[in-house]
Each structure stands twice: as structure tokens, then as C-alpha cells.
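**Q** Next up, my_file11.csv (CSV, C-alpha atoms).
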chain,number,residue,atom,x,y,z
A,714,MET,CA,30.0,2.7,34.3
A,715,ARG,CA,27.1,2.5,31.9
A,716,VAL,CA,25.1,0.5,34.3
A,717,ILE,CA,25.8,2.9,37.2
A,718,MET,CA,24.8,5.9,35.2
A,719,ILE,CA,21.5,4.3,34.1
A,720,CYS,CA,20.7,3.2,37.7
A,721,VAL,CA,21.5,6.7,39.0
A,722,LEU,CA,19.2,8.2,36.3
A,723,LEU,CA,16.4,5.9,37.2
A,724,ALA,CA,16.8,6.7,40.9
A,725,LEU,CA,16.7,10.4,40.2
A,726,LEU,CA,13.5,10.0,38.1
A,727,GLY,CA,11.9,8.1,41.0
A,728,PHE,CA,11.7,4.7,39.2
A,729,ASN,CA,12.3,1.4,40.8
A,730,ILE,CA,13.4,-1.9,39.3
A,731,GLN,CA,12.2,-5.2,40.7
A,732,SER,CA,13.8,-8.6,40.0
A,733,CYS,CA,11.9,-11.9,39.8
A,734,SER,CA,13.7,-13.2,42.9
A,735,SER,CA,11.4,-11.2,45.1
A,736,LYS,CA,7.8,-11.8,44.0
A,737,ASN,CA,5.1,-10.4,46.2
A,738,LYS,CA,2.4,-13.0,47.0
A,739,ASN,CA,-0.2,-10.2,47.0
A,740,GLU,CA,1.1,-8.8,43.8
A,741,SER,CA,-1.5,-7.4,41.4
A,742,HIS,CA,-1.7,-8.6,37.8
A,743,LYS,CA,-0.7,-12.1,38.8
A,744,ASP,CA,-1.2,-13.2,35.2
A,745,MET,CA,1.9,-11.1,34.2
A,746,THR,CA,4.4,-12.4,36.7
A,747,ASP,CA,6.2,-14.7,34.3
A,748,CYS,CA,9.7,-13.4,34.1
A,749,TYR,CA,11.6,-12.6,30.9
A,750,VAL,CA,14.3,-10.2,29.8
A,751,TRP,CA,12.7,-7.2,28.2
A,752,GLY,CA,13.1,-3.4,28.0
A,753,PRO,CA,11.1,-0.3,27.0
A,754,GLY,CA,11.4,1.8,23.8
A,755,ALA,CA,9.6,4.6,22.1
A,756,CYS,CA,9.7,6.2,18.6
A,757,ALA,CA,7.6,8.2,16.1
A,758,PRO,CA,7.2,8.2,12.3
A,759,GLN,CA,10.3,9.5,10.5
A,760,MET,CA,8.6,12.6,9.1
A,761,PHE,CA,6.5,13.3,12.2
A,762,PRO,CA,8.9,13.3,15.2
A,763,ALA,CA,7.9,13.9,18.8
A,764,GLU,CA,9.4,14.6,22.2
A,765,LEU,CA,8.7,12.5,25.3
A,766,ARG,CA,8.2,14.2,28.6
A,767,TYR,CA,8.1,10.7,30.0
A,768,ALA,CA,7.1,7.2,29.1
A,769,TYR,CA,7.3,4.1,31.3
A,770,PHE,CA,5.9,0.6,31.5
A,771,LEU,CA,4.1,-0.7,34.6
A,772,PHE,CA,5.1,-4.1,36.0
A,773,GLY,CA,5.2,-6.1,39.2
A,774,GLU,CA,3.8,-4.5,42.3
A,775,LYS,CA,3.5,-0.8,41.3
A,776,LYS,CA,6.9,-0.8,39.6
A,777,GLN,CA,7.9,1.4,36.6
A,778,TYR,CA,10.5,1.0,34.0
A,779,PRO,CA,11.1,4.1,31.9
A,780,VAL,CA,12.3,5.1,28.4
A,781,VAL,CA,15.3,7.3,29.3
A,782,TYR,CA,15.6,9.2,26.0
A,783,SER,CA,13.3,12.0,24.9
A,784,MET,CA,13.6,12.9,21.2
A,785,ILE,CA,11.9,10.3,19.2
A,786,GLY,CA,11.5,9.5,15.5
A,787,GLY,CA,13.2,6.8,13.5
A,788,GLY,CA,10.0,5.2,12.1
A,789,ILE,CA,7.2,2.9,13.3
A,790,ALA,CA,8.3,0.2,15.7
A,791,THR,CA,11.9,1.3,15.9
A,792,GLY,CA,12.0,2.1,19.6
A,793,SER,CA,14.9,0.4,21.3
A,794,SER,CA,15.6,-0.6,24.9
A,795,ASN,CA,17.9,1.6,26.7
A,796,ALA,CA,19.9,-1.2,28.3
A,797,SER,CA,19.7,-4.9,28.6
A,798,LEU,CA,17.9,-5.9,31.7
A,799,ASP,CA,20.6,-8.4,32.4
A,800,ASP,CA,22.7,-5.3,33.2
A,801,LEU,CA,20.2,-4.2,35.7
A,802,ASP,CA,18.3,-6.9,37.6
A,803,GLY,CA,17.9,-9.9,35.4
A,804,LYS,CA,14.6,-11.3,34.2
A,805,MET,CA,11.5,-9.3,35.2
A,806,PRO,CA,7.7,-9.7,35.3
A,807,LEU,CA,6.0,-8.7,32.0
A,808,PRO,CA,4.4,-5.3,32.0
A,809,TYR,CA,0.7,-4.8,32.2
A,810,GLY,CA,0.4,-1.2,31.0
A,811,PHE,CA,2.2,2.1,30.4
A,812,SER,CA,2.0,5.8,31.1
A,813,ALA,CA,3.2,8.5,28.7
A,814,LEU,CA,3.3,12.3,28.2
A,815,TRP,CA,4.7,13.8,25.0
A,816,PHE,CA,4.9,16.7,22.6
A,817,SER,CA,3.4,16.0,19.2
A,818,TYR,CA,5.2,18.5,16.9
A,819,ALA,CA,2.9,17.7,13.9
A,820,ASP,CA,-0.3,19.0,15.5
A,821,ARG,CA,1.4,21.2,18.2
A,822,LYS,CA,-0.3,19.5,21.1
A,823,VAL,CA,0.6,17.7,24.3
A,824,TYR,CA,-0.8,14.2,24.7
A,825,GLY,CA,-0.8,11.8,27.6
A,826,GLY,CA,-2.4,8.7,29.0
A,827,ASP,CA,-2.3,5.9,31.6
A,828,ILE,CA,-3.0,2.6,29.8
A,829,LEU,CA,-3.7,-0.8,31.3
A,830,PHE,CA,-3.7,-3.8,29.0
A,831,SER,CA,-6.8,-5.9,28.6
A,832,ASP,CA,-6.8,-9.5,29.8
A,833,GLU,CA,-6.9,-10.6,26.1
A,834,LEU,CA,-3.8,-8.5,25.3
A,835,LYS,CA,-1.9,-9.7,28.3
A,836,SER,CA,-2.7,-13.3,27.4
A,837,HIS,CA,-1.6,-12.7,23.8
A,838,ILE,CA,1.7,-11.1,25.0
A,839,LEU,CA,2.4,-13.9,27.4
A,840,GLU,CA,1.8,-16.5,24.7
A,841,LEU,CA,4.2,-14.7,22.4
A,842,PHE,CA,6.9,-14.8,25.0
A,843,LYS,CA,6.3,-18.5,25.9
A,844,THR,CA,6.4,-19.5,22.2
A,845,GLY,CA,9.3,-17.3,21.0
A,846,TYR,CA,10.5,-17.9,17.5
A,847,ILE,CA,13.4,-19.2,15.5
A,848,ARG,CA,16.2,-17.0,14.4
A,849,THR,CA,18.5,-18.1,11.6
A,850,ILE,CA,22.2,-17.1,11.8
A,851,GLU,CA,24.7,-17.6,9.0
A,852,THR,CA,28.0,-19.0,10.2
A,853,ASP,CA,31.1,-20.3,8.5
A,854,ASP,CA,29.7,-23.8,8.8
A,855,GLY,CA,26.3,-22.9,7.3
A,856,PHE,CA,23.0,-21.7,8.8
A,857,LEU,CA,22.4,-22.1,12.5
A,858,HIS,CA,18.7,-22.1,13.7
A,859,GLU,CA,18.4,-21.0,17.3
A,860,PRO,CA,15.5,-20.2,19.6
A,861,SER,CA,15.0,-16.5,20.1
A,862,ASN,CA,12.6,-14.3,22.0
A,863,TYR,CA,11.3,-10.7,22.1
A,864,THR,CA,13.3,-8.1,23.9
A,865,THR,CA,11.5,-4.7,23.6
A,866,TYR,CA,8.1,-3.2,24.1
A,867,SER,CA,8.1,-0.4,21.5
A,868,LEU,CA,5.7,2.5,21.7
A,869,THR,CA,5.1,4.6,18.5
A,870,MET,CA,3.6,8.0,19.1
A,871,LEU,CA,1.4,9.3,16.3
A,872,PRO,CA,-0.2,12.7,15.7
A,873,GLY,CA,-3.6,12.9,17.2
A,874,GLY,CA,-2.5,11.1,20.4
A,875,ARG,CA,-2.6,7.5,19.1
A,876,VAL,CA,0.0,5.1,20.3
A,877,LEU,CA,1.0,1.9,18.6
A,878,LEU,CA,2.4,-1.0,20.7
A,879,HIS,CA,4.8,-3.5,19.1
A,880,LEU,CA,6.8,-6.3,20.6
A,881,THR,CA,10.2,-6.6,18.9
A,882,GLY,CA,13.2,-8.8,19.0
A,883,PRO,CA,16.2,-9.7,16.8
A,884,GLY,CA,14.7,-10.3,13.3
A,885,ARG,CA,11.1,-10.0,14.3
A,886,LYS,CA,8.5,-7.2,15.1
A,887,VAL,CA,4.9,-7.8,15.9
A,888,TYR,CA,2.1,-5.2,16.0
A,889,LEU,CA,-0.1,-5.7,19.1
A,890,LYS,CA,-2.6,-2.9,19.5
A,891,THR,CA,-3.4,0.8,19.1
A,892,PHE,CA,-4.3,3.0,22.1
A,893,GLN,CA,-5.9,6.5,22.1
A,894,CYS,CA,-4.4,9.0,24.6
A,895,ARG,CA,-6.0,12.4,25.4
A,896,GLU,CA,-4.9,15.9,24.7
A,897,MET,CA,-3.5,17.5,27.9
A,898,ASN,CA,-4.2,21.2,28.7
A,899,VAL,CA,-1.1,21.9,30.8
A,900,THR,CA,1.1,24.8,31.5
A,901,ILE,CA,4.9,25.0,30.9
A,902,GLU,CA,5.3,25.0,34.7
A,903,GLU,CA,3.3,21.8,35.1
A,904,LEU,CA,5.4,20.0,32.5
A,905,ARG,CA,8.5,20.5,34.6
A,906,LEU,CA,10.8,20.5,31.6
A,907,PRO,CA,14.3,19.1,32.3
A,908,TYR,CA,15.9,22.1,30.4
A,909,VAL,CA,15.6,25.9,30.3
A,910,THR,CA,13.1,27.5,28.0
A,911,ASP,CA,12.0,31.1,27.4
A,912,ALA,CA,8.5,29.9,26.4
A,913,LYS,CA,5.8,31.2,28.6
A,914,ASN,CA,3.2,28.7,27.4
A,915,VAL,CA,2.9,25.6,25.2
A,916,LYS,CA,2.1,27.6,22.1
A,917,GLU,CA,5.3,29.6,22.5
A,918,PHE,CA,7.2,26.3,23.1
A,919,PHE,CA,6.1,24.9,19.8
A,920,ASP,CA,6.7,28.2,17.9
A,921,SER,CA,10.3,28.2,19.1
A,922,ALA,CA,11.0,24.4,18.6
A,923,LEU,CA,9.5,24.3,15.1
A,924,LYS,CA,12.0,26.9,13.8
A,925,TYR,CA,14.7,24.2,13.6
A,926,ASP,CA,15.5,22.9,10.1
A,927,GLU,CA,14.8,19.3,11.1
A,928,TYR,CA,11.1,20.0,11.1
A,929,ALA,CA,11.0,21.7,7.7
A,930,PRO,CA,10.0,18.6,5.7
A,931,MET,CA,7.2,17.8,8.1
A,932,LEU,CA,5.9,21.4,8.1
A,933,ALA,CA,6.1,21.6,4.3
A,934,TYR,CA,4.1,18.3,3.9
A,935,ILE,CA,1.5,19.3,6.4
A,936,LYS,CA,1.1,22.7,4.7
A,937,GLU,CA,0.3,21.0,1.4
A,938,HIS,CA,-1.5,17.8,2.5
A,939,GLY,CA,-2.4,18.2,6.1
A,940,ILE,CA,-1.7,15.5,8.8
A,941,PRO,CA,-2.3,12.1,7.1
A,942,THR,CA,-4.4,10.7,10.0
A,943,LYS,CA,-6.3,8.2,7.9
A,944,LEU,CA,-3.1,6.9,6.3
A,945,TRP,CA,-2.1,5.1,9.5
A,946,ASP,CA,-5.5,3.4,9.5
A,947,ARG,CA,-4.6,2.0,6.1
A,948,TYR,CA,-1.1,1.0,7.2
A,949,LEU,CA,-2.7,-1.2,10.0
A,950,GLU,CA,-5.1,-3.0,7.7
A,951,ARG,CA,-4.5,-6.8,7.2
A,952,PHE,CA,-5.1,-8.9,4.2
A,953,PRO,CA,-5.1,-12.7,3.6
A,954,TYR,CA,-2.1,-13.1,1.2
A,955,GLU,CA,1.2,-14.9,1.1
A,956,ILE,CA,4.5,-13.9,-0.4
A,957,THR,CA,6.0,-16.0,-3.2
A,958,ILE,CA,9.3,-15.7,-5.0
A,959,GLU,CA,9.7,-17.6,-8.3
A,960,PHE,CA,12.8,-18.0,-10.5
A,961,GLU,CA,12.8,-18.6,-14.3
A,962,ASP,CA,16.1,-20.6,-13.9
A,963,ASP,CA,15.1,-23.8,-12.2
A,964,GLN,CA,18.7,-24.3,-11.0
A,965,THR,CA,18.4,-21.3,-8.7
A,966,VAL,CA,18.5,-21.9,-5.0
A,967,ILE,CA,17.0,-19.3,-2.7
A,968,ASP,CA,18.4,-18.5,0.7
A,969,PRO,CA,15.6,-19.8,3.0
A,970,ASN,CA,16.0,-17.0,5.4
A,971,TYR,CA,14.7,-13.9,3.8
A,972,GLY,CA,12.9,-10.9,5.4
A,973,TYR,CA,10.1,-8.5,4.8
A,974,ASN,CA,8.8,-5.3,6.3
A,975,PHE,CA,5.2,-4.2,6.4
A,976,SER,CA,3.4,-0.9,6.6
A,977,ASN,CA,2.2,-1.5,10.1
A,978,GLY,CA,5.8,-1.8,11.4
A,979,GLU,CA,5.9,-5.6,11.5
A,980,LEU,CA,9.1,-7.4,10.4
A,981,PHE,CA,9.1,-11.2,9.7
A,982,PHE,CA,11.6,-13.7,8.4
A,983,SER,CA,10.5,-16.5,6.1
A,984,ASP,CA,11.7,-19.3,8.4
A,985,ASP,CA,11.0,-18.0,11.9
A,986,SER,CA,8.6,-20.9,12.6
A,987,ILE,CA,5.6,-18.6,13.1
A,988,LYS,CA,2.6,-19.0,10.8
A,989,VAL,CA,0.9,-15.7,10.0
A,990,ASP,CA,-2.5,-15.9,8.3
A,991,SER,CA,-2.9,-12.2,7.3
A,992,LEU,CA,-0.4,-9.4,6.7
A,993,ALA,CA,-0.4,-5.7,6.4
A,994,ARG,CA,0.6,-4.1,3.1
A,995,ILE,CA,4.1,-5.1,2.0
A,996,LYS,CA,6.8,-2.4,2.4
A,997,ASP,CA,10.1,-3.9,1.4
A,998,ILE,CA,11.8,-7.3,0.9
A,999,VAL,CA,15.4,-8.5,1.0
A,1000,PHE,CA,16.4,-11.9,-0.2
A,1001,ALA,CA,19.4,-13.8,-1.6
A,1002,TRP,CA,19.7,-16.5,-4.2
A,1003,ASN,CA,22.4,-18.7,-5.6
A,1004,VAL,CA,23.0,-19.7,-9.2
A,1005,ALA,CA,25.9,-22.2,-9.2
A,1006,ASP,CA,28.7,-20.4,-7.3
A,1007,THR,CA,27.3,-16.9,-7.8
A,1008,VAL,CA,25.3,-15.2,-5.1
A,1009,TYR,CA,22.8,-12.5,-5.7
A,1010,THR,CA,21.2,-10.3,-3.0
A,1011,GLY,CA,18.2,-8.2,-4.0
A,1012,TYR,CA,16.6,-5.2,-2.2
A,1013,PHE,CA,13.1,-4.4,-3.2
A,1014,TYR,CA,11.4,-1.1,-2.0
A,1015,PHE,CA,7.8,-1.0,-3.0
A,1016,ASN,CA,6.1,2.2,-4.1
A,1017,GLU,CA,3.7,3.5,-1.4
A,1018,ASP,CA,1.1,4.8,-3.9
A,1019,GLU,CA,1.0,1.5,-5.8
A,1020,VAL,CA,0.8,-0.5,-2.6
A,1021,LEU,CA,-2.1,1.5,-1.3
A,1022,GLU,CA,-4.0,1.6,-4.5
A,1023,TYR,CA,-3.6,-2.1,-5.6
A,1024,PHE,CA,-4.4,-3.6,-2.2
A,1025,ASP,CA,-7.5,-1.5,-2.0
A,1026,LYS,CA,-8.6,-2.5,-5.5
A,1027,ALA,CA,-7.7,-6.2,-5.0
A,1028,TYR,CA,-9.6,-6.6,-1.8
A,1029,ARG,CA,-12.4,-4.1,-2.2
A,1030,LYS,CA,-14.9,-6.9,-2.9
A,1031,LYS,CA,-12.8,-9.9,-2.0
A,1032,GLN,CA,-11.8,-9.2,1.6
A,1033,GLY,CA,-11.8,-12.9,2.7
A,1034,GLN,CA,-10.2,-14.3,-0.5
A,1035,LYS,CA,-6.6,-15.6,-0.3
A,1036,GLY,CA,-4.1,-13.6,-2.4
A,1037,GLU,CA,-0.6,-13.9,-3.5
A,1038,PHE,CA,2.2,-11.3,-3.8
A,1039,VAL,CA,4.6,-12.6,-6.4
A,1040,ILE,CA,8.1,-11.6,-7.4
A,1041,LYS,CA,9.4,-13.4,-10.5
A,1042,VAL,CA,13.1,-13.3,-11.2
A,1043,SER,CA,14.3,-13.8,-14.8
A,1044,LYS,CA,17.1,-16.1,-15.8
A,1045,TYR,CA,19.3,-13.1,-16.3
A,1046,ASN,CA,18.7,-12.1,-12.6
A,1047,ASN,CA,18.2,-8.4,-13.6
A,1048,TRP,CA,14.6,-8.4,-14.7
A,1049,PHE,CA,11.7,-8.8,-12.3
A,1050,ASP,CA,7.9,-9.2,-12.7
A,1051,ILE,CA,6.1,-8.1,-9.5
A,1052,PHE,CA,2.3,-8.4,-9.0
A,1053,LEU,CA,-0.5,-8.9,-6.5
A,1054,ARG,CA,-2.9,-11.7,-7.5
A,1055,VAL,CA,-6.3,-12.1,-5.9
A,1056,GLY,CA,-8.8,-14.4,-7.7
A,1057,ASP,CA,-8.4,-14.0,-11.4
A,1058,LYS,CA,-7.1,-10.4,-11.2
A,1059,GLU,CA,-3.4,-9.4,-11.2
A,1060,TYR,CA,-2.1,-5.9,-10.3
A,1061,LYS,CA,1.4,-5.3,-11.6
A,1062,PHE,CA,3.9,-3.2,-9.6
A,1063,GLU,CA,6.0,-1.1,-12.0
A,1064,LYS,CA,7.5,1.5,-9.6
A,1065,THR,CA,9.4,-0.7,-7.3
A,1066,GLN,CA,13.0,0.5,-6.5
A,1067,ILE,CA,15.4,-2.4,-6.8
A,1068,HIS,CA,19.1,-2.9,-6.5
A,1069,VAL,CA,20.9,-6.2,-6.6
A,1070,PHE,CA,24.4,-7.2,-5.6
A,1071,LYS,CA,26.3,-10.0,-7.4
A,1072,VAL,CA,29.2,-11.9,-5.8
A,1073,THR,CA,31.3,-14.4,-7.7
A,1074,PRO,CA,34.5,-16.3,-6.9
A,1075,GLU,CA,36.3,-13.9,-9.2
A,1076,ASN,CA,34.9,-10.6,-7.7
A,1077,LYS,CA,34.4,-11.6,-4.1
A,1078,ASN,CA,37.4,-9.5,-2.9
A,1079,ASP,CA,36.3,-6.4,-4.9
A,1080,ASP,CA,34.7,-3.4,-3.1
A,1081,ASP,CA,31.8,-3.0,-5.5
A,1082,HIS,CA,29.4,-5.8,-6.2
A,1083,LEU,CA,26.5,-3.7,-7.5
A,1084,PHE,CA,24.9,-5.6,-10.4
A,1085,TYR,CA,21.6,-3.9,-11.0
A,1086,TRP,CA,20.1,-0.6,-9.9
A,1087,ASN,CA,16.9,0.8,-11.4
A,1088,TYR,CA,16.7,4.0,-9.5
A,1089,ARG,CA,20.2,5.4,-10.1
A,1090,GLY,CA,20.5,9.0,-9.0
A,1091,GLU,CA,17.3,8.9,-6.9
A,1092,LYS,CA,16.7,8.3,-3.2
A,1093,ILE,CA,14.7,5.5,-1.8
A,1094,LYS,CA,11.1,6.8,-1.5
A,1095,ARG,CA,10.1,6.1,2.1
A,1096,TYR,CA,6.5,5.7,3.2
A,1097,ILE,CA,5.1,9.0,4.2
A,1098,GLY,CA,3.9,7.9,7.6
A,1099,GLY,CA,6.4,5.2,8.2
Could I get this structure in the form of C-alpha cells?

**A**
Amino acid sequence: MRVIMICVLLALLGFNIQSCSSKNKNESHKDMTDCYVWGPGACAPQMFPAELRYAYFLFGEKKQYPVVYSMIGGGIATGSSNASLDDLDGKMPLPYGFSALWFSYADRKVYGGDILFSDELKSHILELFKTGYIRTIETDDGFLHEPSNYTTYSLTMLPGGRVLLHLTGPGRKVYLKTFQCREMNVTIEELRLPYVTDAKNVKEFFDSALKYDEYAPMLAYIKEHGIPTKLWDRYLERFPYEITIEFEDDQTVIDPNYGYNFSNGELFFSDDSIKVDSLARIKDIVFAWNVADTVYTGYFYFNEDEVLEYFDKAYRKKQGQKGEFVIKVSKYNNWFDIFLRVGDKEYKFEKTQIHVFKVTPENKNDDDHLFYWNYRGEKIKRYIGG
């Protein structure tokens, strides 16, 4: 039933799906005819949601595959595919561009664009799909390392008409490129909204929509600080550093499969087989470690102000110098020393929000395994533009 409903919706929207079994010899963008399972997704920063009028990817010979939901938020690079393409028509040629039209509630404007990928970007995407990555899965018999691949092209709509493109898959997200779309001077009638509105023009549309409580945090922030346009530029900056986790107790064994999120929306795992030379600013890390038969799992949410300030200071005059982001775990497993080291300078992180779970043979059947929590009574402070 789900497949039927999706296919009917796509047909009503005028979109067509093409399988790899029917390649056209005169097909355009022949460099993007390799076939893989992929789907489209779209999102927006959590505090700065948006609404799609439409968004679809271009592939094959004038074929289009759309995002079939409209209200977007969730955070950078969180756009998900609407359906597995195995449910529709199997593997498909990789897309070579996208088209989008959307309402940006932060700056009360309509943006749109028709984007074609450069040859360089298409080659990069094709190489990512050909290479894939390793995904580690924990089973009853231990860790299983299996080949995995990307599944979703995720668009992130930012205020000002910018669009971030990510390629995502289970346990991995890669930032590809930023595109600039243009402001659209359109009427309500030209937008052909799929719902009824009393608004006579775009201004009235935004006036009405922004009365809902869900937009109150965004409006309050903009009133005090304005739209943080330059913040996303800083999120996308990369630095030559690596992440190191050290333990005071030399009997400690770390789970080799730990993950980290970055300000630019990227997500990597430590053993995914992909070497990355430069990273955006660290956002959060989760890792587990064993001491004898006790298992600890720590969640580290780094403070945005510290991250922005210390990376700026560390790399202001040493942009090419290799750095190291270090987490030291004490022998008591509830004391942590966190710092960024570049050259002979160290910048200590003191506002990281941390909680740790502890599981022992004696308490493994209990409901509560919380061992350490340094922000009790507070919420996790999310990145403003994330």
C-alpha cells in the first residue's frame, strides 16, 4: 500500500521514475549513468525551519525524483529519503542536479533555483559511491564489519537562499558543496499552494504562518541577534586536526567503533575505512570503553561558544599546522580533560556537557545505568545554526 500511494503521488506531481534496465544511448550526463540505490531528502536548521514548495533531483534522461514532504527542519544534513528505491524501481542513475522552491521563514522570502552539478562534483560523487565505506555492526558474536554505501542526497535550506548538499548513509554523512539560489518575486497564485490560504500575497502568507508557537524561538533569536548568516560560514570551515582519546588506566580497552558529529553536518565513525585529512569543528562524540567486565558509554556535547572561539584562536596563524583534539579519561572514569592542541598551545574545553552510563554484570538488568552527569537539570545546548 505504501508503494502504491507513493507512486500515485509522484504521478500526480508529474514526476517519472526510470530504472537502470532502460538506459537511453543518447542519454545526457553520461558520466552519471552508473546505477545505485539512492533517494532524495531535504531539511533545514532546527531553529530556522522552512517549507518546500517543491524539491527534486534530476537524473537519467530528463527524469525527476522529488522530496514528497514539505515542512522541513530537524537540523543540517538530516533530510531522509521518502522511500527505498528498491520499493520503486531498483537501482537508478545518479543525479546530476536539483531544482527547488521554498519558503524561508527566517527572512520571510521565497527562494528557488535550478542547479546542475559541475563535472568535478559529479566525479567526486561517483567516486564516493564506487568506494563506499565500512559499517561496523555489533552482534552477539562480536563486531561485524560490512561494506556499506550512501543512500540519500540531503539538501539543507539555509536563510539567504543557500543550500548545502550532503551525501548520507547509515553511520556516515559527507558534506559536498554549497549552492546559492535566488530570491523569487512571485505571487500567491503563481506558487500554486496545495492548501487553502486567505493570504492575498507572500507578505500576508508569512504574517499568518509566523503566528504559530513553533516559530517563537526563531523570532526571539532573530529579534535579539539577527539571522546568523556568517555562522554557517564558520560551521563549514575545515581544519587539519585528528581526534584522540586517551585513558589514564592502561587496562582500558576502547570500543574501536566510535562516532563523532561536526558543525558542517558531517558524521563519521572511527573505523569506517575512510581517511579524512581535515575536519570541520567538532560538535559531539559518543564512545564506549571497557575496564575488565565493566562497560562505560560516554556522550560528549561540546559548547558552541568554546568550539568557535578556540578553533579560531588555535588556527588564526597556523592554518596548515596539524592539530589534535584530545579527550583524556581518568582512572575513575568520571573525570575528563578535554583540549585542542596546535603547536605548543593548548585550549582547554571546560563547558562540555557530559553523561556516562556504566554497565556491570551486577547491574546489567537494572533500568538505570547513569553513572556521571555534569549538566543535571539542564538541557543539552544545541548549536544555534545546527

**Q** Check the smallest atom-to-atom distance from each of A:Ala790, A:Ile1067, A:Ala813, A:Leu765 to Asp1050 of chain A using all atoms listed in the file, then report the winner.

**A** A:Ile1067

**Q** Taking the point (-3.8, -11.1, 5.6) as given in the file, collect each protein or nucleic acid residue that comes within 12 Å of it, counting only C-alpha atoms, and present the set as a PyMOL selection string.

**A** chain A and resi 949-956+975+988-995+1024+1028+1031-1038+1055

**Q** What does the structure give for the distance between atom CA of Gly786 of chain A and atom CA of Met870 of chain A, in Å to one decimal?

**A**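 Straight-line distance from atom CA of Gly786 of chain A to atom CA of Met870 of chain A works out to 8.8 Å.
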
**Q** Would you kindly return, as a PyMOL selection string, each protein, DNA or RNA residue with an atom no farther than 12 Å from any atom of segment 918-924 of chain A, considering all atoms listed in the file and excluding same-chain residues fewer than 2 positions away?

**A** chain A and resi 761-764+816-823+900-902+904+906+909-916+926-933

**Q** Which distance in Å separates atom CA of Asn970 of chain A and atom CA of Thr849 of chain A, to one decimal?

**A**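 So the answer is 6.8 Å.
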
**Q** What is the distance, in Å and to one decimal place, between atom CA of Glu1075 of chain A and atom CA of Lys1041 of chain A?

**A** 26.9 Å

**Q** For each of A:Glu979, A:Glu774, A:Asp744, A:Asp1018, take the minimum atom-to-atom distance to Arg1095 of chain A, counting all atoms listed in the file, then give the residue where this is smallest.

**A** A:Asp1018

**Q** Compute the distance from (-0.2, 1.3, 20.1) to each atom, counting only C-alpha atoms, keep the residues with any atom at most 8 Å away, and return them as a PyMOL selection string; use the coordinates of the file.

**A** chain A and resi 868-870+875-879+889-893

**Q** Using all atoms listed in the file for the distances, tell me which of A:Ser831, A:Asn862, A:Thr957, A:Thr746 is nearest to Phe1000 of chain A.

**A**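 Using all atoms listed in the file, the shortest distance to Phe1000 of chain A belongs to A:Thr957.
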
**Q** I want to know what sits within 8 Å of segment 840-843 of chain A, based on only C-alpha atoms, with residues of the same chain fewer than 4 positions away left out; could you give that as a PDB file with C-alpha atoms, in the frame of the given file?

**A**
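Once everything was written out, this is result13.pdb:
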ATOM      1  CA  TYR A 749      11.600 -12.600  30.900  1.00  0.00           C
ATOM      2  CA  SER A 836      -2.700 -13.300  27.400  1.00  0.00           C
ATOM      3  CA  ASN A 862      12.600 -14.300  22.000  1.00  0.00           C
ATOM      4  CA  TYR A 863      11.300 -10.700  22.100  1.00  0.00           C
TER       5      TYR A 863
END

**Q** Let me make sure I understand: among A:Asn1003, A:Ser793, A:Ser986, A:Ser976, which one has the smallest atom-to-atom distance to Glu859 of chain A if we use all atoms listed in the file?

**A**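 With all atoms listed in the file as the atom set, the closest residue is A:Ser986.
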
**Q** So which residues touch Val1069 of chain A within 10 Å, counting all atoms listed in the file, skipping near sequence neighbours fewer than 2 positions away, as an NGL selection string?

**A** :A and (999-1001 or 1009-1013 or 1046-1047 or 1067 or 1071 or 1082-1087)

**Q** So that I can see what lies close to Ser812 of chain A, please list as a VMD selection string the residues with an atom at most 6 Å from it, counting only C-alpha atoms and leaving out residues fewer than 4 positions away in the same chain.

**A** chain A and resid 768 to 769 826 to 827

**Q** Pick out the closest residue to Ile785 of chain A from this set: A:Phe772, A:Trp815, A:Tyr866, A:Phe982. Count only C-alpha atoms.

**A**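 Comparing A:Phe772, A:Trp815, A:Tyr866, A:Phe982 against Ile785 of chain A, the winner is A:Trp815.
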
**Q** For a quick check of understanding, using all atoms listed in the file, which of A:Leu829, A:Ile847, A:Leu871, A:Leu880 has the smallest distance to Cys756 of chain A?

**A**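 Counting all atoms listed in the file, the residue closest to Cys756 of chain A is A:Leu871.
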